[in-house]
$ cat work_5.pdb   # PDB, C-alpha atoms, pLDDT in the B column
ATOM      1  CA  LEU A   1     -28.289 -12.898 -33.783  1.00 55.00           C
ATOM      2  CA  PHE A   2     -31.630 -14.620 -33.632  1.00 74.00           C
ATOM      3  CA  PRO A   3     -34.925 -13.476 -32.114  1.00 82.00           C
ATOM      4  CA  LEU A   4     -35.661 -16.695 -30.236  1.00 84.00           C
ATOM      5  CA  ALA A   5     -32.755 -16.040 -27.882  1.00 88.00           C
ATOM      6  CA  ASP A   6     -33.964 -12.490 -27.369  1.00 92.00           C
ATOM      7  CA  SER A   7     -37.292 -13.939 -26.249  1.00 93.00           C
ATOM      8  CA  LEU A   8     -35.451 -15.826 -23.488  1.00 93.00           C
ATOM      9  CA  SER A   9     -34.319 -12.500 -22.084  1.00 95.00           C
ATOM     10  CA  LEU A  10     -37.859 -11.162 -22.215  1.00 95.00           C
ATOM     11  CA  THR A  11     -39.192 -14.321 -20.583  1.00 95.00           C
ATOM     12  CA  ALA A  12     -36.723 -13.999 -17.727  1.00 96.00           C
ATOM     13  CA  GLN A  13     -37.643 -10.344 -17.306  1.00 96.00           C
ATOM     14  CA  SER A  14     -41.283 -11.414 -17.004  1.00 96.00           C
ATOM     15  CA  PHE A  15     -40.824 -14.139 -14.375  1.00 95.00           C
ATOM     16  CA  VAL A  16     -37.887 -13.067 -12.205  1.00 97.00           C
ATOM     17  CA  PRO A  17     -39.280  -9.765 -10.805  1.00 96.00           C
ATOM     18  CA  ALA A  18     -42.258 -11.572  -9.255  1.00 96.00           C
ATOM     19  CA  ILE A  19     -39.894 -13.978  -7.504  1.00 96.00           C
ATOM     20  CA  MET A  20     -37.649 -11.123  -6.351  1.00 95.00           C
ATOM     21  CA  GLU A  21     -40.630  -9.334  -4.748  1.00 94.00           C
ATOM     22  CA  LYS A  22     -41.033 -12.167  -2.243  1.00 94.00           C
ATOM     23  CA  LYS A  23     -39.275 -11.943   1.119  1.00 93.00           C
ATOM     24  CA  PRO A  24     -35.862 -13.631   1.305  1.00 92.00           C
ATOM     25  CA  SER A  25     -36.449 -17.295   2.075  1.00 93.00           C
ATOM     26  CA  HIS A  26     -35.363 -20.775   1.160  1.00 93.00           C
ATOM     27  CA  ALA A  27     -38.339 -21.068  -1.232  1.00 94.00           C
ATOM     28  CA  ARG A  28     -37.385 -17.813  -2.990  1.00 94.00           C
ATOM     29  CA  SER A  29     -33.776 -19.004  -3.363  1.00 94.00           C
ATOM     30  CA  GLN A  30     -34.943 -22.292  -4.843  1.00 95.00           C
ATOM     31  CA  ALA A  31     -37.343 -20.545  -7.230  1.00 96.00           C
ATOM     32  CA  LEU A  32     -34.593 -18.251  -8.503  1.00 96.00           C
ATOM     33  CA  ARG A  33     -32.177 -21.153  -8.861  1.00 96.00           C
ATOM     34  CA  GLN A  34     -34.698 -23.257 -10.771  1.00 96.00           C
ATOM     35  CA  THR A  35     -35.627 -20.325 -13.009  1.00 97.00           C
ATOM     36  CA  MET A  36     -31.961 -19.762 -13.875  1.00 96.00           C
ATOM     37  CA  ILE A  37     -31.463 -23.472 -14.577  1.00 96.00           C
ATOM     38  CA  ASN A  38     -34.601 -23.682 -16.742  1.00 97.00           C
ATOM     39  CA  LEU A  39     -33.606 -20.580 -18.706  1.00 96.00           C
ATOM     40  CA  SER A  40     -30.162 -22.070 -19.273  1.00 96.00           C
ATOM     41  CA  LYS A  41     -31.658 -25.351 -20.495  1.00 97.00           C
ATOM     42  CA  ALA A  42     -33.954 -23.520 -22.909  1.00 96.00           C
ATOM     43  CA  ALA A  43     -31.007 -21.431 -24.113  1.00 96.00           C
ATOM     44  CA  LEU A  44     -28.922 -24.526 -24.766  1.00 96.00           C
ATOM     45  CA  ILE A  45     -31.732 -26.141 -26.729  1.00 96.00           C
ATOM     46  CA  LEU A  46     -32.244 -23.004 -28.830  1.00 95.00           C
ATOM     47  CA  GLY A  47     -28.513 -22.469 -29.263  1.00 95.00           C
ATOM     48  CA  LEU A  48     -27.877 -26.027 -30.374  1.00 95.00           C
ATOM     49  CA  THR A  49     -30.857 -25.887 -32.735  1.00 94.00           C
ATOM     50  CA  MET A  50     -29.313 -22.842 -34.363  1.00 94.00           C
ATOM     51  CA  VAL A  51     -25.944 -24.618 -34.576  1.00 96.00           C
ATOM     52  CA  GLY A  52     -27.754 -27.278 -36.586  1.00 95.00           C
ATOM     53  CA  ALA A  53     -29.270 -24.636 -38.829  1.00 93.00           C
ATOM     54  CA  ALA A  54     -25.875 -22.979 -39.320  1.00 94.00           C
ATOM     55  CA  ALA A  55     -24.375 -26.344 -40.221  1.00 95.00           C
ATOM     56  CA  CYS A  56     -26.772 -26.456 -43.184  1.00 95.00           C
ATOM     57  CA  ILE A  57     -25.456 -23.191 -44.647  1.00 94.00           C
ATOM     58  CA  PRO A  58     -22.757 -24.869 -46.797  1.00 94.00           C
ATOM     59  CA  LEU A  59     -25.460 -27.067 -48.302  1.00 94.00           C
ATOM     60  CA  ILE A  60     -27.516 -24.102 -49.496  1.00 94.00           C
ATOM     61  CA  SER A  61     -24.996 -21.270 -49.929  1.00 90.00           C
ATOM     62  CA  GLY A  62     -24.698 -22.013 -53.638  1.00 88.00           C
ATOM     63  CA  CYS A  63     -28.422 -21.310 -54.054  1.00 92.00           C
ATOM     64  CA  PHE A  64     -27.912 -17.615 -53.349  1.00 91.00           C
ATOM     65  CA  THR A  65     -24.936 -16.890 -55.582  1.00 90.00           C
ATOM     66  CA  SER A  66     -23.101 -18.509 -58.447  1.00 90.00           C
ATOM     67  CA  ASP A  67     -19.789 -16.862 -57.493  1.00 93.00           C
ATOM     68  CA  PRO A  68     -17.530 -19.583 -56.013  1.00 93.00           C
ATOM     69  CA  SER A  69     -15.453 -17.021 -54.088  1.00 91.00           C
ATOM     70  CA  VAL A  70     -18.570 -15.721 -52.298  1.00 91.00           C
ATOM     71  CA  VAL A  71     -19.667 -19.275 -51.495  1.00 93.00           C
ATOM     72  CA  ALA A  72     -16.174 -19.997 -50.118  1.00 92.00           C
ATOM     73  CA  MET A  73     -16.245 -16.829 -47.970  1.00 90.00           C
ATOM     74  CA  VAL A  74     -19.668 -17.656 -46.577  1.00 91.00           C
ATOM     75  CA  ASN A  75     -18.704 -21.257 -45.864  1.00 94.00           C
ATOM     76  CA  GLU A  76     -15.484 -20.117 -44.164  1.00 92.00           C
ATOM     77  CA  VAL A  77     -17.384 -18.271 -41.428  1.00 94.00           C
ATOM     78  CA  VAL A  78     -19.921 -21.022 -40.713  1.00 95.00           C
ATOM     79  CA  PRO A  79     -17.917 -22.541 -37.818  1.00 95.00           C
ATOM     80  CA  PHE A  80     -17.634 -19.136 -36.124  1.00 95.00           C
ATOM     81  CA  LEU A  81     -21.294 -18.362 -36.725  1.00 93.00           C
ATOM     82  CA  ALA A  82     -22.299 -21.754 -35.351  1.00 95.00           C
ATOM     83  CA  ALA A  83     -20.076 -21.330 -32.291  1.00 96.00           C
ATOM     84  CA  ASN A  84     -21.738 -17.959 -31.558  1.00 95.00           C
ATOM     85  CA  PHE A  85     -25.248 -19.348 -31.174  1.00 95.00           C
ATOM     86  CA  PRO A  86     -25.006 -21.310 -27.898  1.00 96.00           C
ATOM     87  CA  PHE A  87     -23.070 -18.514 -26.196  1.00 96.00           C
ATOM     88  CA  TYR A  88     -25.466 -15.885 -27.515  1.00 96.00           C
ATOM     89  CA  ALA A  89     -28.540 -17.801 -26.338  1.00 96.00           C
ATOM     90  CA  LEU A  90     -27.070 -18.413 -22.880  1.00 97.00           C
ATOM     91  CA  ALA A  91     -25.933 -14.794 -22.595  1.00 96.00           C
ATOM     92  CA  MET A  92     -29.387 -13.523 -23.528  1.00 96.00           C
ATOM     93  CA  ALA A  93     -31.114 -15.808 -21.010  1.00 96.00           C
ATOM     94  CA  LEU A  94     -28.763 -14.781 -18.216  1.00 97.00           C
ATOM     95  CA  GLU A  95     -28.934 -11.125 -19.227  1.00 96.00           C
ATOM     96  CA  GLY A  96     -32.707 -11.289 -18.832  1.00 96.00           C
ATOM     97  CA  PHE A  97     -32.274 -13.051 -15.491  1.00 97.00           C
ATOM     98  CA  LEU A  98     -29.996 -10.231 -14.287  1.00 97.00           C
ATOM     99  CA  LEU A  99     -32.336  -7.563 -15.644  1.00 97.00           C
ATOM    100  CA  GLY A 100     -35.210  -9.265 -13.851  1.00 96.00           C
ATOM    101  CA  ARG A 101     -33.186  -9.042 -10.659  1.00 96.00           C
ATOM    102  CA  LYS A 102     -32.718  -5.327 -11.427  1.00 95.00           C
ATOM    103  CA  ASP A 103     -28.942  -5.725 -11.459  1.00 95.00           C
ATOM    104  CA  LEU A 104     -28.600  -2.759 -13.788  1.00 95.00           C
ATOM    105  CA  GLY A 105     -25.396  -1.306 -12.343  1.00 95.00           C
ATOM    106  CA  TYR A 106     -23.322  -4.364 -13.172  1.00 96.00           C
ATOM    107  CA  GLN A 107     -24.726  -4.631 -16.673  1.00 95.00           C
ATOM    108  CA  GLY A 108     -24.184  -0.926 -17.241  1.00 95.00           C
ATOM    109  CA  ILE A 109     -20.535  -1.252 -16.283  1.00 96.00           C
ATOM    110  CA  MET A 110     -20.052  -4.338 -18.428  1.00 96.00           C
ATOM    111  CA  TYR A 111     -21.736  -2.864 -21.492  1.00 96.00           C
ATOM    112  CA  SER A 112     -19.673   0.294 -21.061  1.00 96.00           C
ATOM    113  CA  ALA A 113     -16.569  -1.875 -21.127  1.00 96.00           C
ATOM    114  CA  PHE A 114     -17.876  -3.830 -24.138  1.00 96.00           C
ATOM    115  CA  CYS A 115     -18.347  -0.519 -26.003  1.00 96.00           C
ATOM    116  CA  PHE A 116     -14.580  -0.094 -25.880  1.00 96.00           C
ATOM    117  CA  ILE A 117     -13.396  -3.705 -26.016  1.00 95.00           C
ATOM    118  CA  VAL A 118     -15.316  -4.842 -29.115  1.00 94.00           C
ATOM    119  CA  PRO A 119     -14.507  -1.800 -31.298  1.00 94.00           C
ATOM    120  CA  TYR A 120     -10.845  -2.056 -30.235  1.00 95.00           C
ATOM    121  CA  PHE A 121     -10.612  -5.583 -31.607  1.00 93.00           C
ATOM    122  CA  MET A 122     -12.725  -4.776 -34.685  1.00 92.00           C
ATOM    123  CA  LEU A 123     -10.365  -1.890 -35.466  1.00 93.00           C
ATOM    124  CA  LYS A 124      -7.392  -4.224 -35.039  1.00 90.00           C
ATOM    125  CA  VAL A 125      -8.955  -6.562 -37.610  1.00 89.00           C
ATOM    126  CA  ARG A 126      -9.518  -3.585 -39.913  1.00 89.00           C
ATOM    127  CA  GLN A 127      -5.971  -2.308 -39.471  1.00 89.00           C
ATOM    128  CA  THR A 128      -4.512  -5.744 -40.137  1.00 87.00           C
ATOM    129  CA  ALA A 129      -6.561  -5.933 -43.344  1.00 85.00           C
ATOM    130  CA  LEU A 130      -5.452  -2.449 -44.412  1.00 86.00           C
ATOM    131  CA  ASP A 131      -1.799  -3.201 -43.657  1.00 86.00           C
ATOM    132  CA  GLY A 132      -2.004  -6.225 -45.916  1.00 80.00           C
ATOM    133  CA  THR A 133       0.348  -8.148 -43.638  1.00 72.00           C
ATOM    134  CA  GLN A 134      -2.131 -10.949 -43.212  1.00 72.00           C
ATOM    135  CA  ALA A 135      -5.073 -12.253 -45.161  1.00 71.00           C
ATOM    136  CA  ILE A 136      -8.079 -11.071 -43.173  1.00 78.00           C
ATOM    137  CA  GLY A 137     -11.524 -12.067 -44.243  1.00 80.00           C
ATOM    138  CA  LEU A 138     -14.930 -12.288 -42.720  1.00 85.00           C
ATOM    139  CA  SER A 139     -13.629 -14.909 -40.312  1.00 87.00           C
ATOM    140  CA  GLY A 140     -11.623 -12.212 -38.502  1.00 88.00           C
ATOM    141  CA  VAL A 141     -14.805 -10.267 -37.801  1.00 90.00           C
ATOM    142  CA  TRP A 142     -16.659 -13.391 -36.694  1.00 92.00           C
ATOM    143  CA  LYS A 143     -13.804 -14.352 -34.370  1.00 92.00           C
ATOM    144  CA  VAL A 144     -14.234 -10.998 -32.634  1.00 93.00           C
ATOM    145  CA  MET A 145     -17.987 -11.558 -32.394  1.00 94.00           C
ATOM    146  CA  LEU A 146     -17.422 -15.026 -30.943  1.00 95.00           C
ATOM    147  CA  GLY A 147     -15.048 -13.551 -28.367  1.00 95.00           C
ATOM    148  CA  TYR A 148     -17.681 -10.955 -27.476  1.00 96.00           C
ATOM    149  CA  GLN A 149     -20.388 -13.591 -26.982  1.00 96.00           C
ATOM    150  CA  VAL A 150     -18.078 -15.735 -24.839  1.00 97.00           C
ATOM    151  CA  LEU A 151     -17.169 -12.678 -22.753  1.00 97.00           C
ATOM    152  CA  ARG A 152     -20.856 -11.817 -22.270  1.00 96.00           C
ATOM    153  CA  PHE A 153     -21.661 -15.412 -21.349  1.00 97.00           C
ATOM    154  CA  VAL A 154     -18.831 -15.612 -18.803  1.00 97.00           C
ATOM    155  CA  SER A 155     -19.663 -12.181 -17.330  1.00 97.00           C
ATOM    156  CA  TRP A 156     -23.383 -12.845 -16.961  1.00 97.00           C
ATOM    157  CA  THR A 157     -22.837 -16.390 -15.659  1.00 97.00           C
ATOM    158  CA  ALA A 158     -20.335 -15.267 -13.029  1.00 97.00           C
ATOM    159  CA  ARG A 159     -22.625 -12.473 -11.888  1.00 97.00           C
ATOM    160  CA  ALA A 160     -25.736 -14.680 -11.826  1.00 96.00           C
ATOM    161  CA  ILE A 161     -23.919 -17.305  -9.734  1.00 96.00           C
ATOM    162  CA  PHE A 162     -22.572 -14.635  -7.384  1.00 96.00           C
ATOM    163  CA  LEU A 163     -26.044 -13.141  -6.865  1.00 96.00           C
ATOM    164  CA  GLN A 164     -27.605 -16.578  -6.483  1.00 95.00           C
ATOM    165  CA  ARG A 165     -25.147 -17.479  -3.736  1.00 95.00           C
ATOM    166  CA  GLN A 166     -25.909 -14.180  -1.984  1.00 94.00           C
ATOM    167  CA  THR A 167     -29.627 -14.882  -2.242  1.00 93.00           C
ATOM    168  CA  GLU A 168     -29.190 -18.352  -0.820  1.00 91.00           C
ATOM    169  CA  GLN A 169     -27.226 -16.986   2.134  1.00 91.00           C
ATOM    170  CA  GLU A 170     -29.893 -14.314   2.747  1.00 85.00           C
ATOM    171  CA  GLY A 171     -32.640 -16.912   2.694  1.00 74.00           C
ATOM    172  CA  GLY A 172     -30.819 -19.231   5.069  1.00 69.00           C
ATOM    173  CA  SER A 173     -30.633 -21.832   2.353  1.00 57.00           C
ATOM    174  CA  ASN A 174     -28.207 -24.717   2.569  1.00 56.00           C
ATOM    175  CA  LEU A 175     -27.902 -24.622  -1.248  1.00 52.00           C
ATOM    176  CA  ALA A 176     -25.155 -21.980  -1.155  1.00 48.00           C
ATOM    177  CA  THR A 177     -22.448 -24.649  -1.311  1.00 53.00           C
ATOM    178  CA  VAL A 178     -24.005 -26.534  -4.229  1.00 51.00           C
ATOM    179  CA  PRO A 179     -22.958 -25.514  -7.759  1.00 55.00           C
ATOM    180  CA  VAL A 180     -25.645 -23.427  -9.458  1.00 52.00           C
ATOM    181  CA  ILE A 181     -25.420 -24.780 -13.007  1.00 53.00           C
TER     182      ILE A 181
END

$ encode --input "work_5.pdb" --output "structure tokens"
Amino acid sequence: LFPLADSLSLTAQSFVPAIMEKKPSHARSQALRQTMINLSKAALILGLTMVGAAACIPLISGCFTSDPSVVAMVNEVVPFLAANFPFYALAMALEGFLLGRKDLGYQGIMYSAFCFIVPYFMLKVRQTALDGTQAIGLSGVWKVMLGYQVLRFVSWTARAIFLQRQTEQEGGSNLATVPVI
């Protein structure tokens, strides 16, 4: 959705492998934990900045078209677009964190599932529109995208916390009982 969040993934993939190469220890556990927390903070800042930018869309949407129905359609999806940004940024940061940990199997399974889940719901939106039983607009598509970003965020967060707890137990850290984020 926006390249700044993608850069969070790349940043994580740059820093995390070096930490993972160290022997399991309390210091390694703390470094991984702090990296995950810092990535999450950066993601929230970027995500909320983009929410602010999305909130400005209704103010400028009339500059790109004089058709009031197009302006109304664009303005209708702004809340869904804005809601996507924080989840997308957090998902990208945590995805990079997991990639840096070389947790490819889990991500492969999840993306395989997403390849079926997202099209299923997109096709349901399409079918509802074709049936004409309900007024379906762009907001239906953006609701599916929001659901996808929330699902990615929850999946990556749960996995990152699970792996962090494992790492803390390996390193003999007493942090394993403290919430990660």

$ atom_distance --input "work_5.pdb" --atom1 "atom CA of A:Ala160" --atom2 "atom CA of A:Phe97"
7.7 Å

$ resolve_selection --input "work_5.pdb" --expression "the PyMOL selection byres ((chain A and resi 39) around 8)" --output "PyMOL selection string"
chain A and resi 8+12+35-38+40-43+93-94

$ closest_residue --input "work_5.pdb" --among "A:Ala54, A:Leu4, A:Leu98, A:Leu138" --to "A:Ala72" --atoms "all atoms listed in the file"
A:Leu138

$ atom_distance --input "work_5.pdb" --atom1 "atom CA of A:Ala55" --atom2 "atom CA of A:Val71"
14.1 Å

$ atom_distance --input "work_5.pdb" --atom1 "atom CA of A:Pro79" --atom2 "atom CA of A:Leu48"
12.9 Å

$ resolve_selection --input "work_5.pdb" --expression "the PyMOL selection byres ((chain A and resi 147) around 12)" --output "PyMOL selection string"
chain A and resi 80-81+83-84+87-88+114+117-118+121-122+140-146+148-154

$ resolve_selection --input "work_5.pdb" --expression "the PyMOL selection byres ((chain A and resi 10) around 9)" --output "PDB file with C-alpha atoms, in the coordinates of the input"
ATOM      1  CA  ASP A   6     -33.964 -12.490 -27.369  1.00 92.00           C
ATOM      2  CA  SER A   7     -37.292 -13.939 -26.249  1.00 93.00           C
ATOM      3  CA  LEU A   8     -35.451 -15.826 -23.488  1.00 93.00           C
ATOM      4  CA  SER A   9     -34.319 -12.500 -22.084  1.00 95.00           C
ATOM      5  CA  THR A  11     -39.192 -14.321 -20.583  1.00 95.00           C
ATOM      6  CA  ALA A  12     -36.723 -13.999 -17.727  1.00 96.00           C
ATOM      7  CA  GLN A  13     -37.643 -10.344 -17.306  1.00 96.00           C
ATOM      8  CA  SER A  14     -41.283 -11.414 -17.004  1.00 96.00           C
ATOM      9  CA  PHE A  15     -40.824 -14.139 -14.375  1.00 95.00           C
ATOM     10  CA  MET A  92     -29.387 -13.523 -23.528  1.00 96.00           C
ATOM     11  CA  ALA A  93     -31.114 -15.808 -21.010  1.00 96.00           C
ATOM     12  CA  GLY A  96     -32.707 -11.289 -18.832  1.00 96.00           C
ATOM     13  CA  PHE A  97     -32.274 -13.051 -15.491  1.00 97.00           C
ATOM     14  CA  GLY A 100     -35.210  -9.265 -13.851  1.00 96.00           C
TER      15      GLY A 100
END

$ residues_around --input "work_5.pdb" --residues "A:Ala31" --least-positions-apart "2" --cutoff "12 Å" --atoms "all atoms listed in the file" --output "list in words"
Phe15, Val16, Pro17, Ala18, Ile19, Met20, Glu21, Lys22, Pro24, Ser25, His26, Ala27, Arg28, Ser29, Arg33, Gln34, Thr35, Met36, Ile37, Asn38, Gln164, Thr167, Glu168, Gly171, Ser173 and Leu175 of chain A
